[in-house]
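Q: Handing over upload.cif, mmCIF, C-alpha atoms.
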```
data_start
loop_
_atom_site.group_PDB
_atom_site.id
_atom_site.type_symbol
_atom_site.label_atom_id
_atom_site.label_comp_id
_atom_site.auth_asym_id
_atom_site.auth_seq_id
_atom_site.Cartn_x
_atom_site.Cartn_y
_atom_site.Cartn_z
ATOM 1 C CA LYS A 1 173.154 84.290 126.056
ATOM 2 C CA SER A 2 174.007 80.688 125.279
ATOM 3 C CA GLY A 3 173.485 81.076 121.539
ATOM 4 C CA CYS A 4 171.416 79.074 119.100
ATOM 5 C CA TYR A 5 171.798 75.390 118.451
ATOM 6 C CA ARG A 6 170.625 73.350 115.504
ATOM 7 C CA VAL A 7 169.806 69.660 115.538
ATOM 8 C CA ASP A 8 170.036 67.818 112.234
ATOM 9 C CA GLY A 9 166.630 66.681 111.051
ATOM 10 C CA MET A 10 164.688 68.871 113.482
ATOM 11 C CA ASP A 11 162.491 71.682 112.182
ATOM 12 C CA ASP A 12 162.029 74.140 115.058
ATOM 13 C CA ALA A 13 159.205 75.988 113.307
ATOM 14 C CA GLN A 14 157.278 72.741 112.785
ATOM 15 C CA GLU A 15 157.924 71.667 116.381
ATOM 16 C CA TYR A 16 156.513 75.010 117.544
ATOM 17 C CA ARG A 17 153.404 74.621 115.368
ATOM 18 C CA ASP A 18 152.918 71.067 116.669
ATOM 19 C CA MET A 19 153.236 72.261 120.272
ATOM 20 C CA ARG A 20 150.697 75.051 119.737
ATOM 21 C CA HIS A 21 148.323 72.578 118.062
ATOM 22 C CA ALA A 22 148.721 70.100 120.947
ATOM 23 C CA MET A 23 147.968 72.863 123.452
ATOM 24 C CA GLY A 24 144.791 73.635 121.522
ATOM 25 C CA VAL A 25 143.805 69.973 121.449
ATOM 26 C CA ILE A 26 143.919 69.791 125.249
ATOM 27 C CA GLY A 27 141.735 72.885 125.530
ATOM 28 C CA ILE A 28 144.214 75.710 126.059
ATOM 29 C CA ASP A 29 142.928 78.678 124.062
ATOM 30 C CA ASN A 30 145.216 80.949 122.031
ATOM 31 C CA ALA A 31 145.229 83.758 124.607
ATOM 32 C CA THR A 32 146.238 81.369 127.389
ATOM 33 C CA GLN A 33 148.869 79.774 125.139
ATOM 34 C CA GLY A 34 150.334 83.243 124.654
ATOM 35 C CA GLN A 35 150.400 83.774 128.426
ATOM 36 C CA VAL A 36 152.093 80.400 128.974
ATOM 37 C CA LEU A 37 154.764 81.217 126.391
ATOM 38 C CA GLN A 38 155.221 84.743 127.762
ATOM 39 C CA THR A 39 155.673 83.364 131.275
ATOM 40 C CA LEU A 40 158.198 80.834 130.009
ATOM 41 C CA ALA A 41 160.050 83.604 128.151
ATOM 42 C CA ALA A 42 160.118 85.693 131.343
ATOM 43 C CA ILE A 43 161.605 82.770 133.275
ATOM 44 C CA LEU A 44 164.269 82.305 130.617
ATOM 45 C CA HIS A 45 165.049 86.034 130.577
ATOM 46 C CA MET A 46 165.411 85.970 134.355
ATOM 47 C CA GLY A 47 168.365 83.647 133.769
ATOM 48 C CA ASN A 48 170.122 86.609 132.117
ATOM 49 C CA LEU A 49 169.914 88.668 135.314
ATOM 50 C CA THR A 50 173.356 88.923 136.869
ATOM 51 C CA PHE A 51 174.478 90.933 139.860
ATOM 52 C CA TYR A 52 177.542 92.678 141.216
ATOM 53 C CA GLU A 53 178.069 94.302 144.578
ATOM 54 C CA GLU A 54 178.414 97.990 145.183
ATOM 55 C CA GLY A 55 179.396 98.276 148.813
ATOM 56 C CA SER A 56 177.434 95.378 150.233
ATOM 57 C CA GLN A 57 174.345 95.895 148.067
ATOM 58 C CA ALA A 58 173.415 93.907 144.956
ATOM 59 C CA ARG A 59 173.190 95.822 141.697
ATOM 60 C CA PHE A 60 172.137 94.532 138.281
ATOM 61 C CA SER A 61 174.952 94.075 135.801
ATOM 62 C CA ASP A 62 172.655 94.748 132.831
ATOM 63 C CA PRO A 63 169.702 97.110 133.419
ATOM 64 C CA ASN A 64 168.325 96.207 129.983
ATOM 65 C CA ALA A 65 168.006 92.534 131.004
ATOM 66 C CA VAL A 66 165.961 93.620 134.039
ATOM 67 C CA ALA A 67 163.693 95.740 131.855
ATOM 68 C CA VAL A 68 163.077 92.854 129.428
ATOM 69 C CA ALA A 69 162.239 90.399 132.228
ATOM 70 C CA ALA A 70 159.933 92.929 133.920
ATOM 71 C CA GLN A 71 158.214 93.659 130.612
ATOM 72 C CA MET A 72 157.636 89.934 130.024
ATOM 73 C CA LEU A 73 156.133 89.661 133.517
ATOM 74 C CA GLU A 74 154.086 92.826 132.949
ATOM 75 C CA VAL A 75 155.361 94.373 136.184
ATOM 76 C CA ASP A 76 156.877 97.748 136.902
ATOM 77 C CA VAL A 77 160.644 97.541 136.393
ATOM 78 C CA GLY A 78 161.357 99.573 139.559
ATOM 79 C CA VAL A 79 159.235 97.275 141.712
ATOM 80 C CA PHE A 80 160.800 94.208 140.087
ATOM 81 C CA GLU A 81 164.324 95.531 140.741
ATOM 82 C CA ALA A 82 163.459 96.353 144.347
ATOM 83 C CA LYS A 83 161.978 92.922 145.054
ATOM 84 C CA LEU A 84 165.043 91.135 143.682
ATOM 85 C CA THR A 85 167.625 93.277 145.493
ATOM 86 C CA ALA A 86 166.018 93.996 148.881
ATOM 87 C CA ARG A 87 163.752 92.320 151.388
ATOM 88 C CA LEU A 88 161.106 93.938 153.548
ATOM 89 C CA MET A 89 161.708 93.472 157.255
ATOM 90 C CA THR A 90 158.957 94.334 159.723
ATOM 91 C CA THR A 91 159.534 94.776 163.436
ATOM 92 C CA GLY A 92 157.009 94.992 166.262
ATOM 93 C CA ILE A 93 153.513 93.607 166.541
ATOM 94 C CA GLY A 94 150.186 94.956 165.420
ATOM 95 C CA GLY A 95 150.114 98.492 164.100
ATOM 96 C CA LYS A 96 153.035 99.620 166.283
ATOM 97 C CA GLY A 97 155.829 98.111 164.207
ATOM 98 C CA SER A 98 158.137 99.530 161.614
ATOM 99 C CA SER A 99 159.058 98.270 158.166
ATOM 100 C CA TYR A 100 162.487 98.516 156.577
ATOM 101 C CA ASN A 101 163.883 97.629 153.176
ATOM 102 C CA VAL A 102 167.045 95.633 153.826
ATOM 103 C CA PRO A 103 169.425 95.517 150.850
ATOM 104 C CA LEU A 104 170.582 92.098 149.669
ATOM 105 C CA ASN A 105 174.118 91.241 148.615
ATOM 106 C CA ALA A 106 174.770 89.685 145.197
ATOM 107 C CA ASP A 107 174.594 86.076 146.450
ATOM 108 C CA GLN A 108 171.280 86.721 148.181
ATOM 109 C CA ALA A 109 169.888 88.403 145.069
ATOM 110 C CA VAL A 110 170.878 85.362 142.960
ATOM 111 C CA TYR A 111 169.063 83.141 145.469
ATOM 112 C CA VAL A 112 165.909 85.322 145.243
ATOM 113 C CA ARG A 113 166.065 85.343 141.423
ATOM 114 C CA ASN A 114 166.450 81.566 141.324
ATOM 115 C CA ALA A 115 163.677 80.978 143.864
ATOM 116 C CA LEU A 116 161.283 83.191 141.896
ATOM 117 C CA ALA A 117 162.139 81.514 138.581
ATOM 118 C CA GLN A 118 161.813 78.032 140.086
ATOM 119 C CA THR A 119 158.451 78.834 141.693
ATOM 120 C CA MET A 120 157.113 80.317 138.465
ATOM 121 C CA TYR A 121 158.313 77.301 136.464
ATOM 122 C CA SER A 122 156.815 74.881 138.996
ATOM 123 C CA ARG A 123 153.427 76.577 138.855
ATOM 124 C CA LEU A 124 153.500 76.716 135.063
ATOM 125 C CA PHE A 125 154.394 73.022 134.922
ATOM 126 C CA ASP A 126 151.591 72.181 137.387
ATOM 127 C CA TYR A 127 149.109 74.152 135.264
ATOM 128 C CA LEU A 128 150.116 72.269 132.114
ATOM 129 C CA VAL A 129 149.911 68.882 133.845
ATOM 130 C CA ARG A 130 146.415 69.759 135.151
ATOM 131 C CA ALA A 131 145.367 70.817 131.641
ATOM 132 C CA ILE A 132 146.649 67.552 130.168
ATOM 133 C CA ASN A 133 145.023 65.477 132.897
ATOM 134 C CA SER A 134 141.706 67.342 132.471
ATOM 135 C CA ALA A 135 141.762 66.639 128.733
ATOM 136 C CA MET A 136 142.301 62.939 129.440
ATOM 137 C CA VAL A 137 139.389 62.562 131.886
ATOM 138 C CA LYS A 138 136.923 59.808 131.057
ATOM 139 C CA GLU A 139 133.899 59.037 133.169
ATOM 140 C CA VAL A 140 134.594 55.310 133.506
ATOM 141 C CA GLU A 141 138.370 54.907 133.564
ATOM 142 C CA SER A 142 140.951 56.485 135.824
ATOM 143 C CA LEU A 143 143.903 57.775 133.825
ATOM 144 C CA VAL A 144 147.302 59.033 134.878
ATOM 145 C CA ILE A 145 150.062 60.698 132.937
ATOM 146 C CA GLY A 146 153.395 58.897 132.608
ATOM 147 C CA VAL A 147 156.634 60.827 132.403
ATOM 148 C CA LEU A 148 159.719 59.489 130.649
ATOM 149 C CA ASP A 149 162.865 60.988 132.118
ATOM 150 C CA ILE A 150 166.512 60.078 132.351
ATOM 151 C CA TYR A 151 165.791 57.653 135.176
ATOM 152 C CA GLY A 152 163.189 55.640 133.284
ATOM 153 C CA PHE A 153 159.451 55.420 133.000
ATOM 154 C CA GLU A 154 157.533 56.380 136.099
ATOM 155 C CA ILE A 155 153.854 56.954 136.825
ATOM 156 C CA PHE A 156 152.953 59.545 139.431
ATOM 157 C CA THR A 157 149.725 60.005 141.336
ATOM 158 C CA LYS A 158 150.688 63.664 141.794
ATOM 159 C CA ASN A 159 152.825 65.041 138.977
ATOM 160 C CA GLY A 160 155.501 67.630 139.759
ATOM 161 C CA PHE A 161 158.452 68.774 137.716
ATOM 162 C CA GLU A 162 160.963 67.979 140.493
ATOM 163 C CA GLN A 163 159.834 64.368 140.956
#
```
Spell out the structure here as structure tokens.

A:
Amino acid sequence: KSGCYRVDGMDDAQEYRDMRHAMGVIGIDNATQGQVLQTLAAILHMGNLTFYEEGSQARFSDPNAVAVAAQMLEVDVGVFEAKLTARLMTTGIGGKGSSYNVPLNADQAVYVRNALAQTMYSRLFDYLVRAINSAMVKEVESLVIGVLDIYGFEIFTKNGFEQ
């Protein structure tokens, strides 16, 4: 929903081809590359999910946005909607308890959406870092990956996107 931006001197199509080539170089096959990109697209589409309240229950502002995100995740849209707008509460112990779907309000639904997107992004990032590190393995030397961010150059023993 933010629109398209152009950067002078940058060829998006070439950047995409370079990225796909680099993924191949580190051993990520075409099918897995497609899954990585589809997962990333799903995360981005989840950012388009907005909520309003009807009574005290969260409802999706745009049902089409929910359908697109669910399709990208390859999950049933009804299940996806239910998991983002209600939580399952179980009472009792053992087999003698009861389970209830408790509706979430709009703020709670935003929190669930954000938590799901962040977890998916974190796991995708971790997968890519493992793939890069595996491609860099040499029998004699120990290698690490360095990350350049806005704070400077840092080297991590364990790489995570929030570090």

Q: Please report as a tab-separated table every residue of stretch 57-104 of chain A lying within 10 Å of stretch 113-123 of chain A, along with the nearest atom pair and their distance in Å (one decimal), using all atoms listed in the file.

A:
```
residue	atom	partner	partner_atom	distance
A:Lys83	CA	A:Arg113	CA	9.3
A:Leu84	CA	A:Arg113	CA	6.3
A:Thr85	CA	A:Arg113	CA	9.1
```

Q: Might you pull out every residue within 12 Å of A:Leu73, with all atoms listed in the file counted and same-chain residues fewer than 2 positions away left off, and present them as a count of residues only?

A: 26

Q: How would you write, as JSON, numbers by chain, the residues chosen by the PyMOL selection byres ((chain A and resi 59-62) around 12) on this structure?

A: {"A": [45, 46, 47, 48, 49, 50, 51, 52, 53, 54, 55, 56, 57, 58, 63, 64, 65, 66, 67, 68, 69, 78, 80, 81, 82, 84, 85, 86, 103, 104, 105, 106, 107, 108, 109, 110, 113]}

Q: Kindly save the residues from that selection, with C-alpha atoms included, as a compact mmCIF listing (two decimals), keeping the file's coordinate frame.

A:
```txt
# COMPACT_ATOMS: atom_id res chain seq x y z
CA HIS A 45 165.05 86.03 130.58
CA MET A 46 165.41 85.97 134.35
CA GLY A 47 168.36 83.65 133.77
CA ASN A 48 170.12 86.61 132.12
CA LEU A 49 169.91 88.67 135.31
CA THR A 50 173.36 88.92 136.87
CA PHE A 51 174.48 90.93 139.86
CA TYR A 52 177.54 92.68 141.22
CA GLU A 53 178.07 94.30 144.58
CA GLU A 54 178.41 97.99 145.18
CA GLY A 55 179.40 98.28 148.81
CA SER A 56 177.43 95.38 150.23
CA GLN A 57 174.34 95.90 148.07
CA ALA A 58 173.42 93.91 144.96
CA PRO A 63 169.70 97.11 133.42
CA ASN A 64 168.32 96.21 129.98
CA ALA A 65 168.01 92.53 131.00
CA VAL A 66 165.96 93.62 134.04
CA ALA A 67 163.69 95.74 131.85
CA VAL A 68 163.08 92.85 129.43
CA ALA A 69 162.24 90.40 132.23
CA GLY A 78 161.36 99.57 139.56
CA PHE A 80 160.80 94.21 140.09
CA GLU A 81 164.32 95.53 140.74
CA ALA A 82 163.46 96.35 144.35
CA LEU A 84 165.04 91.14 143.68
CA THR A 85 167.62 93.28 145.49
CA ALA A 86 166.02 94.00 148.88
CA PRO A 103 169.42 95.52 150.85
CA LEU A 104 170.58 92.10 149.67
CA ASN A 105 174.12 91.24 148.62
CA ALA A 106 174.77 89.68 145.20
CA ASP A 107 174.59 86.08 146.45
CA GLN A 108 171.28 86.72 148.18
CA ALA A 109 169.89 88.40 145.07
CA VAL A 110 170.88 85.36 142.96
CA ARG A 113 166.06 85.34 141.42
```

Q: Mind dumping a table of every stretch 85-133 of chain A residue within 10 Å of stretch 20-27 of chain A, with the nearest atom pair and its distance in Å to one decimal, using all atoms listed in the file, sorted by chain and rising number, as a tab-separated table?

A:
```
residue	atom	partner	partner_atom	distance
A:Leu128	CA	A:Met23	CA	8.9
A:Ala131	CA	A:Ile26	CA	6.6
A:Ile132	CA	A:Ile26	CA	6.1
A:Asn133	CA	A:Ile26	CA	8.8
```

Q: With distances taken over only C-alpha atoms, which residue among A:Arg87, A:Gly3, A:Val112, A:Gly34 lies nearest A:Tyr100?

A: A:Arg87

Q: To one decimal in Å, tell me the separation between atom CA of A:Asp11 and atom CA of A:Asp29.

A: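 Those two atoms sit 23.9 Å apart.
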
Q: Skip A:Ser99 itself and residues of its chain fewer than 2 positions away, then list as a VMD selection string all residues within 8 Å of it, counting only C-alpha atoms.

A: chain A and resid 88 to 91 97 101

Q: Please report the interatomic distance between atom CA of A:Tyr127 and atom CA of A:Arg17 in Å with one decimal.

A: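 Spanning atom CA of A:Tyr127 to atom CA of A:Arg17 is a straight-line distance of 20.4 Å.
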
Q: Hey, can you check how far atom CA of A:Ala135 sits from atom CA of A:Gln14?

A: 23.1 Å

Q: Because some atoms of stretch 69-80 of chain A are absent here, can you restore all heavy atoms and send them as a CSV table (one decimal), in the coordinates of the input?

A:
```csv
chain,number,residue,atom,x,y,z
A,69,ALA,N,162.9,91.4,131.4
A,69,ALA,CA,162.2,90.4,132.2
A,69,ALA,C,161.0,91.0,132.9
A,69,ALA,O,159.9,90.4,132.9
A,69,ALA,CB,163.2,89.9,133.3
A,70,ALA,N,161.1,92.2,133.3
A,70,ALA,CA,159.9,92.9,133.9
A,70,ALA,C,158.8,93.1,132.9
A,70,ALA,O,157.6,92.9,133.2
A,70,ALA,CB,160.4,94.3,134.5
A,71,GLN,N,159.2,93.5,131.7
A,71,GLN,CA,158.2,93.7,130.6
A,71,GLN,C,157.5,92.3,130.3
A,71,GLN,O,156.3,92.3,130.2
A,71,GLN,CB,158.9,94.2,129.3
A,71,GLN,CG,157.9,94.4,128.2
A,71,GLN,CD,158.6,94.8,126.9
A,71,GLN,OE1,159.8,94.8,126.8
A,71,GLN,NE2,157.8,95.2,125.9
A,72,MET,N,158.2,91.2,130.3
A,72,MET,CA,157.6,89.9,130.0
A,72,MET,C,156.7,89.6,131.1
A,72,MET,O,155.7,88.9,130.9
A,72,MET,CB,158.7,88.9,129.9
A,72,MET,CG,159.5,88.9,128.7
A,72,MET,SD,158.6,88.3,127.3
A,72,MET,CE,159.5,88.9,126.0
A,73,LEU,N,157.0,90.0,132.4
A,73,LEU,CA,156.1,89.7,133.5
A,73,LEU,C,155.0,90.7,133.7
A,73,LEU,O,154.1,90.5,134.5
A,73,LEU,CB,157.0,89.6,134.8
A,73,LEU,CG,157.9,88.5,134.9
A,73,LEU,CD1,158.9,88.6,136.1
A,73,LEU,CD2,157.2,87.1,135.0
A,74,GLU,N,155.1,91.7,132.9
A,74,GLU,CA,154.1,92.8,132.9
A,74,GLU,C,154.0,93.5,134.3
A,74,GLU,O,153.0,93.7,134.9
A,74,GLU,CB,152.7,92.3,132.5
A,74,GLU,CG,152.7,91.9,131.1
A,74,GLU,CD,151.3,91.4,130.6
A,74,GLU,OE1,150.3,91.7,131.3
A,74,GLU,OE2,151.3,90.8,129.5
A,75,VAL,N,155.2,93.7,134.9
A,75,VAL,CA,155.4,94.4,136.2
A,75,VAL,C,156.2,95.6,136.0
A,75,VAL,O,157.0,95.7,135.1
A,75,VAL,CB,155.9,93.4,137.3
A,75,VAL,CG1,155.0,92.3,137.6
A,75,VAL,CG2,157.3,93.0,136.9
A,76,ASP,N,156.1,96.5,136.9
A,76,ASP,CA,156.9,97.7,136.9
A,76,ASP,C,158.3,97.4,137.1
A,76,ASP,O,158.7,96.7,138.1
A,76,ASP,CB,156.4,98.7,138.0
A,76,ASP,CG,157.2,100.0,138.1
A,76,ASP,OD1,157.0,100.9,137.2
A,76,ASP,OD2,158.1,100.1,139.0
A,77,VAL,N,159.2,97.9,136.3
A,77,VAL,CA,160.6,97.5,136.4
A,77,VAL,C,161.2,98.0,137.7
A,77,VAL,O,162.1,97.2,138.3
A,77,VAL,CB,161.5,98.1,135.2
A,77,VAL,CG1,161.5,99.6,135.2
A,77,VAL,CG2,162.8,97.5,135.1
A,78,GLY,N,160.8,99.1,138.3
A,78,GLY,CA,161.4,99.6,139.6
A,78,GLY,C,161.0,98.7,140.7
A,78,GLY,O,161.8,98.3,141.6
A,79,VAL,N,159.7,98.2,140.7
A,79,VAL,CA,159.2,97.3,141.7
A,79,VAL,C,160.0,95.9,141.6
A,79,VAL,O,160.4,95.3,142.6
A,79,VAL,CB,157.7,97.1,141.6
A,79,VAL,CG1,157.2,96.0,142.5
A,79,VAL,CG2,157.0,98.4,141.9
A,80,PHE,N,160.1,95.5,140.3
A,80,PHE,CA,160.8,94.2,140.1
A,80,PHE,C,162.2,94.3,140.6
A,80,PHE,O,162.7,93.4,141.3
A,80,PHE,CB,160.8,93.9,138.6
A,80,PHE,CG,161.3,92.6,138.2
A,80,PHE,CD1,160.7,91.4,138.7
A,80,PHE,CD2,162.3,92.4,137.3
A,80,PHE,CE1,161.2,90.1,138.3
A,80,PHE,CE2,162.8,91.2,136.9
A,80,PHE,CZ,162.2,90.0,137.4
```
